[in-house]
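Engineer: So I've got this file, structure.pdb, and it contains PDB, C-alpha atoms:
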```pdb
ATOM      1  CA  MET X   1      90.040  65.992 162.228
ATOM      2  CA  SER X   2      92.801  67.237 164.544
ATOM      3  CA  TYR X   3      96.011  68.767 163.234
ATOM      4  CA  CYS X   4      97.954  65.738 164.456
ATOM      5  CA  SER X   5      95.557  63.334 162.727
ATOM      6  CA  ALA X   6      95.858  65.244 159.471
ATOM      7  CA  ILE X   7      99.675  65.106 159.599
ATOM      8  CA  GLU X   8      99.661  61.424 160.539
ATOM      9  CA  ARG X   9      97.358  60.569 157.632
ATOM     10  CA  MET X  10      99.658  62.202 155.069
ATOM     11  CA  GLN X  11     101.934  59.911 153.165
ATOM     12  CA  PRO X  12     105.524  60.424 154.353
ATOM     13  CA  GLU X  13     106.622  61.824 150.989
ATOM     14  CA  SER X  14     103.768  64.333 151.014
ATOM     15  CA  ARG X  15     104.347  65.632 154.540
ATOM     16  CA  LYS X  16     105.528  69.158 154.141
ATOM     17  CA  SER X  17     108.645  69.794 156.209
ATOM     18  CA  LEU X  18     107.031  72.951 157.606
ATOM     19  CA  HIS X  19     104.116  70.970 159.042
ATOM     20  CA  LYS X  20     106.291  68.050 160.073
ATOM     21  CA  ASN X  21     108.692  70.285 162.016
ATOM     22  CA  TYR X  22     105.842  72.011 163.848
ATOM     23  CA  HIS X  23     104.047  68.710 164.536
ATOM     24  CA  ASP X  24     107.155  66.845 165.673
ATOM     25  CA  ASN X  25     108.894  69.582 167.670
ATOM     26  CA  HIS X  26     106.388  72.194 168.817
ATOM     27  CA  TYR X  27     102.735  71.125 168.765
ATOM     28  CA  GLY X  28     101.599  70.022 172.226
ATOM     29  CA  PHE X  29     104.961  70.706 173.874
ATOM     30  CA  PRO X  30     104.906  72.942 176.968
ATOM     31  CA  ILE X  31     106.258  76.473 176.526
ATOM     32  CA  HIS X  32     107.852  78.144 179.544
ATOM     33  CA  ASP X  33     108.827  81.489 178.019
ATOM     34  CA  ASP X  34     106.207  84.245 178.216
ATOM     35  CA  ASN X  35     107.278  85.827 174.928
ATOM     36  CA  GLU X  36     106.938  82.491 173.138
ATOM     37  CA  LEU X  37     103.543  81.882 174.774
ATOM     38  CA  PHE X  38     102.480  85.319 173.530
ATOM     39  CA  GLY X  39     103.852  84.491 170.082
ATOM     40  CA  ARG X  40     101.858  81.271 169.940
ATOM     41  CA  LEU X  41      98.723  83.199 170.941
ATOM     42  CA  ILE X  42      99.381  85.738 168.159
ATOM     43  CA  MET X  43      99.809  82.941 165.639
ATOM     44  CA  GLU X  44      96.665  81.115 166.759
ATOM     45  CA  ILE X  45      94.648  84.349 166.578
ATOM     46  CA  ASN X  46      95.988  85.042 163.098
ATOM     47  CA  GLN X  47      95.135  81.534 161.921
ATOM     48  CA  ALA X  48      91.407  82.207 162.365
ATOM     49  CA  GLY X  49      89.820  81.825 158.944
ATOM     50  CA  LEU X  50      93.083  80.728 157.312
ATOM     51  CA  SER X  51      95.128  77.559 156.978
ATOM     52  CA  TRP X  52      97.790  76.728 159.529
ATOM     53  CA  GLU X  53     100.210  76.336 156.626
ATOM     54  CA  THR X  54      99.739  80.025 155.802
ATOM     55  CA  ILE X  55     100.647  80.930 159.379
ATOM     56  CA  LEU X  56     103.661  78.605 159.491
ATOM     57  CA  LYS X  57     104.956  80.138 156.240
ATOM     58  CA  LYS X  58     104.648  83.587 157.798
ATOM     59  CA  GLU X  59     106.087  82.721 161.229
ATOM     60  CA  GLU X  60     109.400  84.493 160.575
ATOM     61  CA  GLY X  61     107.466  87.494 159.278
ATOM     62  CA  PHE X  62     105.431  87.549 162.489
ATOM     63  CA  ARG X  63     108.584  87.296 164.606
ATOM     64  CA  LYS X  64     110.205  90.182 162.751
ATOM     65  CA  ALA X  65     107.089  92.378 162.651
ATOM     66  CA  TYR X  66     106.293  91.837 166.348
ATOM     67  CA  ASP X  67     109.858  92.287 167.675
ATOM     68  CA  GLN X  68     110.445  88.559 168.272
ATOM     69  CA  PHE X  69     107.166  88.519 170.254
ATOM     70  CA  ASP X  70     108.668  90.762 172.935
ATOM     71  CA  ILE X  71     105.579  91.453 175.051
ATOM     72  CA  GLN X  72     106.789  94.763 176.463
ATOM     73  CA  LYS X  73     107.792  96.128 173.066
ATOM     74  CA  VAL X  74     104.453  95.125 171.510
ATOM     75  CA  ALA X  75     102.530  96.600 174.470
ATOM     76  CA  ASP X  76     104.314  99.898 173.814
ATOM     77  CA  TYR X  77     103.422 100.022 170.100
ATOM     78  CA  THR X  78     102.106 103.330 168.832
ATOM     79  CA  GLU X  79      99.654 104.179 166.054
ATOM     80  CA  ASP X  80     102.644 104.289 163.696
ATOM     81  CA  ASP X  81     103.420 100.686 164.653
ATOM     82  CA  ARG X  82      99.806  99.679 163.975
ATOM     83  CA  GLU X  83     100.050 101.237 160.522
ATOM     84  CA  ARG X  84     103.399  99.529 159.909
ATOM     85  CA  LEU X  85     101.853  96.168 160.786
ATOM     86  CA  LEU X  86      98.803  96.763 158.610
ATOM     87  CA  ASN X  87     101.134  97.406 155.664
ATOM     88  CA  ASP X  88     103.498  94.486 156.316
ATOM     89  CA  PRO X  89     103.052  91.729 153.675
ATOM     90  CA  GLY X  90     105.018  89.329 155.905
ATOM     91  CA  ILE X  91     102.064  88.954 158.292
ATOM     92  CA  ILE X  92      98.263  88.799 158.165
ATOM     93  CA  ARG X  93      97.154  92.388 157.643
ATOM     94  CA  ASN X  94      93.880  92.332 159.523
ATOM     95  CA  LYS X  95      93.092  95.332 161.722
ATOM     96  CA  LEU X  96      91.230  93.284 164.356
ATOM     97  CA  LYS X  97      94.076  90.785 164.632
ATOM     98  CA  VAL X  98      96.766  93.483 164.780
ATOM     99  CA  ASN X  99      94.831  95.380 167.441
ATOM    100  CA  ALA X 100      94.300  92.136 169.386
ATOM    101  CA  ALA X 101      98.054  91.459 169.449
ATOM    102  CA  ILE X 102      98.806  94.898 170.867
ATOM    103  CA  GLU X 103      95.954  94.891 173.377
ATOM    104  CA  ASN X 104      96.714  91.319 174.456
ATOM    105  CA  ALA X 105     100.353  92.306 175.069
ATOM    106  CA  LYS X 106      99.116  95.050 177.399
ATOM    107  CA  THR X 107      96.885  92.526 179.168
ATOM    108  CA  ILE X 108      99.767  90.077 179.583
ATOM    109  CA  ILE X 109     101.888  92.847 181.143
ATOM    110  CA  GLN X 110      99.146  93.262 183.765
ATOM    111  CA  LEU X 111      98.944  89.497 184.312
ATOM    112  CA  GLN X 112     102.727  89.389 184.772
ATOM    113  CA  LYS X 113     102.496  92.106 187.414
ATOM    114  CA  GLU X 114      99.760  90.239 189.256
ATOM    115  CA  PHE X 115     100.918  86.620 188.868
ATOM    116  CA  GLY X 116     104.628  86.918 188.089
ATOM    117  CA  SER X 117     104.334  85.656 184.514
ATOM    118  CA  PHE X 118     101.851  84.736 181.796
ATOM    119  CA  GLU X 119     102.756  81.095 182.401
ATOM    120  CA  LYS X 120     101.972  81.422 186.121
ATOM    121  CA  TRP X 121      98.591  82.955 185.233
ATOM    122  CA  LEU X 122      97.852  79.902 183.069
ATOM    123  CA  GLU X 123      99.048  77.578 185.848
ATOM    124  CA  HIS X 124      96.903  79.442 188.389
ATOM    125  CA  HIS X 125      93.785  78.642 186.362
ATOM    126  CA  HIS X 126      94.700  75.037 185.538
ATOM    127  CA  PRO X 127      92.908  72.693 185.293
ATOM    128  CA  LYS X 128      89.773  73.922 183.586
ATOM    129  CA  THR X 129      87.432  72.477 181.027
ATOM    130  CA  LEU X 130      87.583  73.926 177.532
ATOM    131  CA  GLU X 131      84.352  75.794 178.214
ATOM    132  CA  GLU X 132      85.801  77.325 181.387
ATOM    133  CA  TRP X 133      88.988  78.300 179.561
ATOM    134  CA  MET X 134      86.937  79.856 176.766
ATOM    135  CA  LYS X 135      84.996  82.033 179.223
ATOM    136  CA  LEU X 136      88.218  83.085 180.960
ATOM    137  CA  PHE X 137      90.008  83.950 177.706
ATOM    138  CA  LYS X 138      86.967  85.783 176.323
ATOM    139  CA  LYS X 139      86.848  87.872 179.510
ATOM    140  CA  THR X 140      90.620  88.479 179.552
ATOM    141  CA  PHE X 141      91.826  88.753 175.937
ATOM    142  CA  LYS X 142      90.767  90.149 172.571
ATOM    143  CA  PHE X 143      89.883  87.970 169.554
ATOM    144  CA  THR X 144      89.903  84.650 171.408
ATOM    145  CA  GLY X 145      87.022  82.473 170.290
ATOM    146  CA  GLY X 146      86.569  78.812 171.128
ATOM    147  CA  GLU X 147      88.722  77.326 168.385
ATOM    148  CA  ILE X 148      91.564  79.774 169.047
ATOM    149  CA  VAL X 149      91.514  79.025 172.792
ATOM    150  CA  ASN X 150      91.311  75.267 172.183
ATOM    151  CA  GLU X 151      94.204  75.211 169.712
ATOM    152  CA  PHE X 152      96.329  77.570 171.801
ATOM    153  CA  LEU X 153      95.911  75.453 174.942
ATOM    154  CA  MET X 154      96.405  72.146 173.093
ATOM    155  CA  SER X 155      99.465  73.513 171.319
ATOM    156  CA  ILE X 156     101.137  74.447 174.642
ATOM    157  CA  GLY X 157     100.186  71.267 176.515
ATOM    158  CA  TYR X 158      97.332  72.556 178.695
ATOM    159  CA  LEU X 159      94.595  70.571 176.969
ATOM    160  CA  LYS X 160      94.872  66.993 175.768
ATOM    161  CA  GLY X 161      94.417  66.222 172.104
ATOM    162  CA  ALA X 162      97.433  67.545 170.235
ATOM    163  CA  HIS X 163      98.625  63.990 169.528
ATOM    164  CA  SER X 164      96.915  60.636 169.610
ATOM    165  CA  GLU X 165      98.491  57.856 171.654
ATOM    166  CA  GLU X 166      99.434  56.135 168.394
ATOM    167  CA  CYS X 167     101.393  59.179 167.207
ATOM    168  CA  ALA X 168     105.171  58.728 167.219
ATOM    169  CA  VAL X 169     105.540  62.123 168.954
ATOM    170  CA  TYR X 170     103.108  61.346 171.800
ATOM    171  CA  GLY X 171     105.758  59.755 174.061
ATOM    172  CA  THR X 172     108.181  62.613 173.476
ATOM    173  CA  VAL X 173     105.525  65.142 174.475
ATOM    174  CA  LEU X 174     104.826  63.150 177.666
ATOM    175  CA  LYS X 175     108.516  63.383 178.626
ATOM    176  CA  HIS X 176     108.104  67.180 178.623
ATOM    177  CA  LYS X 177     105.296  66.908 181.198
ATOM    178  CA  PRO X 178     102.355  68.672 179.556
ATOM    179  CA  LYS X 179      99.918  70.180 182.069
ATOM    180  CA  TRP X 180      97.026  68.001 180.896
ATOM    181  CA  LYS X 181      98.949  64.899 182.009
ATOM    182  CA  ALA X 182      98.982  66.139 185.625
ATOM    183  CA  GLU X 183      95.155  66.192 185.750
TER     184      GLU X 183
END
```
Spit out the file's structure as structure tokens when you get a sec.
Structural biologist:
Amino acid sequence: MSYCSAIERMQPESRKSLHKNYHDNHYGFPIHDDNELFGRLIMEINQAGLSWETILKKEEGFRKAYDQFDIQKVADYTEDDRERLLNDPGIIRNKLKVNAAIENAKTIIQLQKEFGSFEKWLEHHHPKTLEEWMKLFKKTFKFTGGEIVNEFLMSIGYLKGAHSEECAVYGTVLKHKPKWKAE
């Protein structure tokens, strides 16, 4: 069941405001800021093996720990920063995920130099099938398996599926011109 389907099936009184805010205002909407794209990638990577609710509850902790997802600052992190992150209870303290964030920031810096921005790199490769995206991400980034790539790309409007046509948010997302709609 998709994230959107799960939210839609909840009774209104049981929808948690955390989920509802993300579903109604962020999930499936295009992101045009490289730092926010990087932040979404960090959050999707950290969700692996955990609930999305856990990640949403820790979003402010992630923002604080990773300098508001400033790509250049994260790319410049030292071993002391890695240790700080691994001891920060406000985030997921997993060595592979922390290392992936830092290494992926360095990769994004290179992509920005080559393509102008992380967003332009994504646009350059659009459209692709999920399988093609998965191969590209696996070759380019650390800790990016199929589910992470799928959710990341759906959550930023590159792959269809974040919302069903019956979802009240679907029309709002369309007004923001998600990339999948241009296919």
Engineer: Which residues come within 12 Å of Val169 (chain X), counting all atoms listed in the file, excluding same-chain residues fewer than 3 positions away, as a PyMOL selection string?
Structural biologist: chain X and resi 4-5+7-8+20-29+162-166+172-176
Engineer: Return as JSON the box centre and box size in Å, one decimal, for an axis-aligned box around all listed atoms of region 117-125 of chain X padded by 5 Å per side.
Structural biologist:
```
{"center_x": 99.1, "center_y": 81.6, "center_z": 185.1, "size_x": 20.5, "size_y": 18.1, "size_z": 16.6}
```
Engineer: Name the residues that the PyMOL selection byres ((chain X and resi 158) around 7) pulls out of this structure, and write them as a list in words.
Structural biologist: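 Evaluating the PyMOL selection byres ((chain X and resi 158) around 7) on this file yields Leu153, Met154, Ile156, Gly157, Leu159, Lys160, Pro178, Lys179 and Trp180 of chain X.
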Engineer: Include C-alpha atoms and write out the residues we just selected as a short mmCIF file (atom, residue, chain, number, x, y, z; two decimals), in the coordinates of the input.
Structural biologist:
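Result file is selection12.cif:
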```cif
data_model
loop_
_atom_site.label_atom_id
_atom_site.label_comp_id
_atom_site.auth_asym_id
_atom_site.auth_seq_id
_atom_site.Cartn_x
_atom_site.Cartn_y
_atom_site.Cartn_z
CA LEU X 153 95.91 75.45 174.94
CA MET X 154 96.40 72.15 173.09
CA ILE X 156 101.14 74.45 174.64
CA GLY X 157 100.19 71.27 176.52
CA LEU X 159 94.60 70.57 176.97
CA LYS X 160 94.87 66.99 175.77
CA PRO X 178 102.36 68.67 179.56
CA LYS X 179 99.92 70.18 182.07
CA TRP X 180 97.03 68.00 180.90
#
```
Engineer: On this structure, the PyMOL selection byres ((chain X and resi 139-145) around 9) would catch which residues? List them as a list in words, sorted by chain and number.
Structural biologist: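 Evaluating the PyMOL selection byres ((chain X and resi 139-145) around 9) on this file yields Leu41, Glu44, Ile45, Leu96, Lys97, Asn99, Ala100, Ala101, Glu103, Asn104, Thr107, Ile108, Met134, Lys135, Leu136, Phe137, Lys138, Gly146, Glu147, Ile148, Val149 and Asn150 of chain X.
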Engineer: Neighbours of Leu37 (chain X) within 9 Å (all atoms listed in the file; same-chain residues fewer than 4 positions away dropped), as a ChimeraX atom specification?
Structural biologist: /X:31-33,41-42,69,118-119,152,156
Engineer: I need the chosen residues saved as an mmCIF file, in the frame of the given file, with C-alpha atoms.
Structural biologist:
```cif
data_model
loop_
_atom_site.group_PDB
_atom_site.id
_atom_site.type_symbol
_atom_site.label_atom_id
_atom_site.label_comp_id
_atom_site.auth_asym_id
_atom_site.auth_seq_id
_atom_site.Cartn_x
_atom_site.Cartn_y
_atom_site.Cartn_z
ATOM 1 C CA ILE X 31 106.258 76.473 176.526
ATOM 2 C CA HIS X 32 107.852 78.144 179.544
ATOM 3 C CA ASP X 33 108.827 81.489 178.019
ATOM 4 C CA LEU X 41 98.723 83.199 170.941
ATOM 5 C CA ILE X 42 99.381 85.738 168.159
ATOM 6 C CA PHE X 69 107.166 88.519 170.254
ATOM 7 C CA PHE X 118 101.851 84.736 181.796
ATOM 8 C CA GLU X 119 102.756 81.095 182.401
ATOM 9 C CA PHE X 152 96.329 77.570 171.801
ATOM 10 C CA ILE X 156 101.137 74.447 174.642
#
```
Engineer: Which residues, written as a PyMOL selection string, have at least one atom at most 7 Å from region 49-58 of chain X, with all atoms listed in the file counted and residues fewer than 5 positions away on the same chain left out?
Structural biologist: chain X and resi 18+43+90-91
Engineer: Kindly indicate which residue among X:Ser155, X:Ala65, X:Trp121, X:Ser17 lies nearest to Asp88 (chain X), using all atoms listed in the file for the distances.
Structural biologist: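 Distance minimum relative to Asp88 (chain X) lands on X:Ala65.
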Engineer: Between CA of Ile109 (chain X) and CA of Pro89 (chain X), what is the distance, to one decimal in Å?
Structural biologist: 27.5 Å
Engineer: State, in Å with one decimal place, the distance from CA of Glu114 (chain X) to CA of Asp67 (chain X).
Structural biologist: 23.9 Å
Engineer: What is the CA of Arg82 (chain X) to CA of Asn94 (chain X) distance in Å?
Structural biologist: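 Distance between the two atoms: 10.4 Å.
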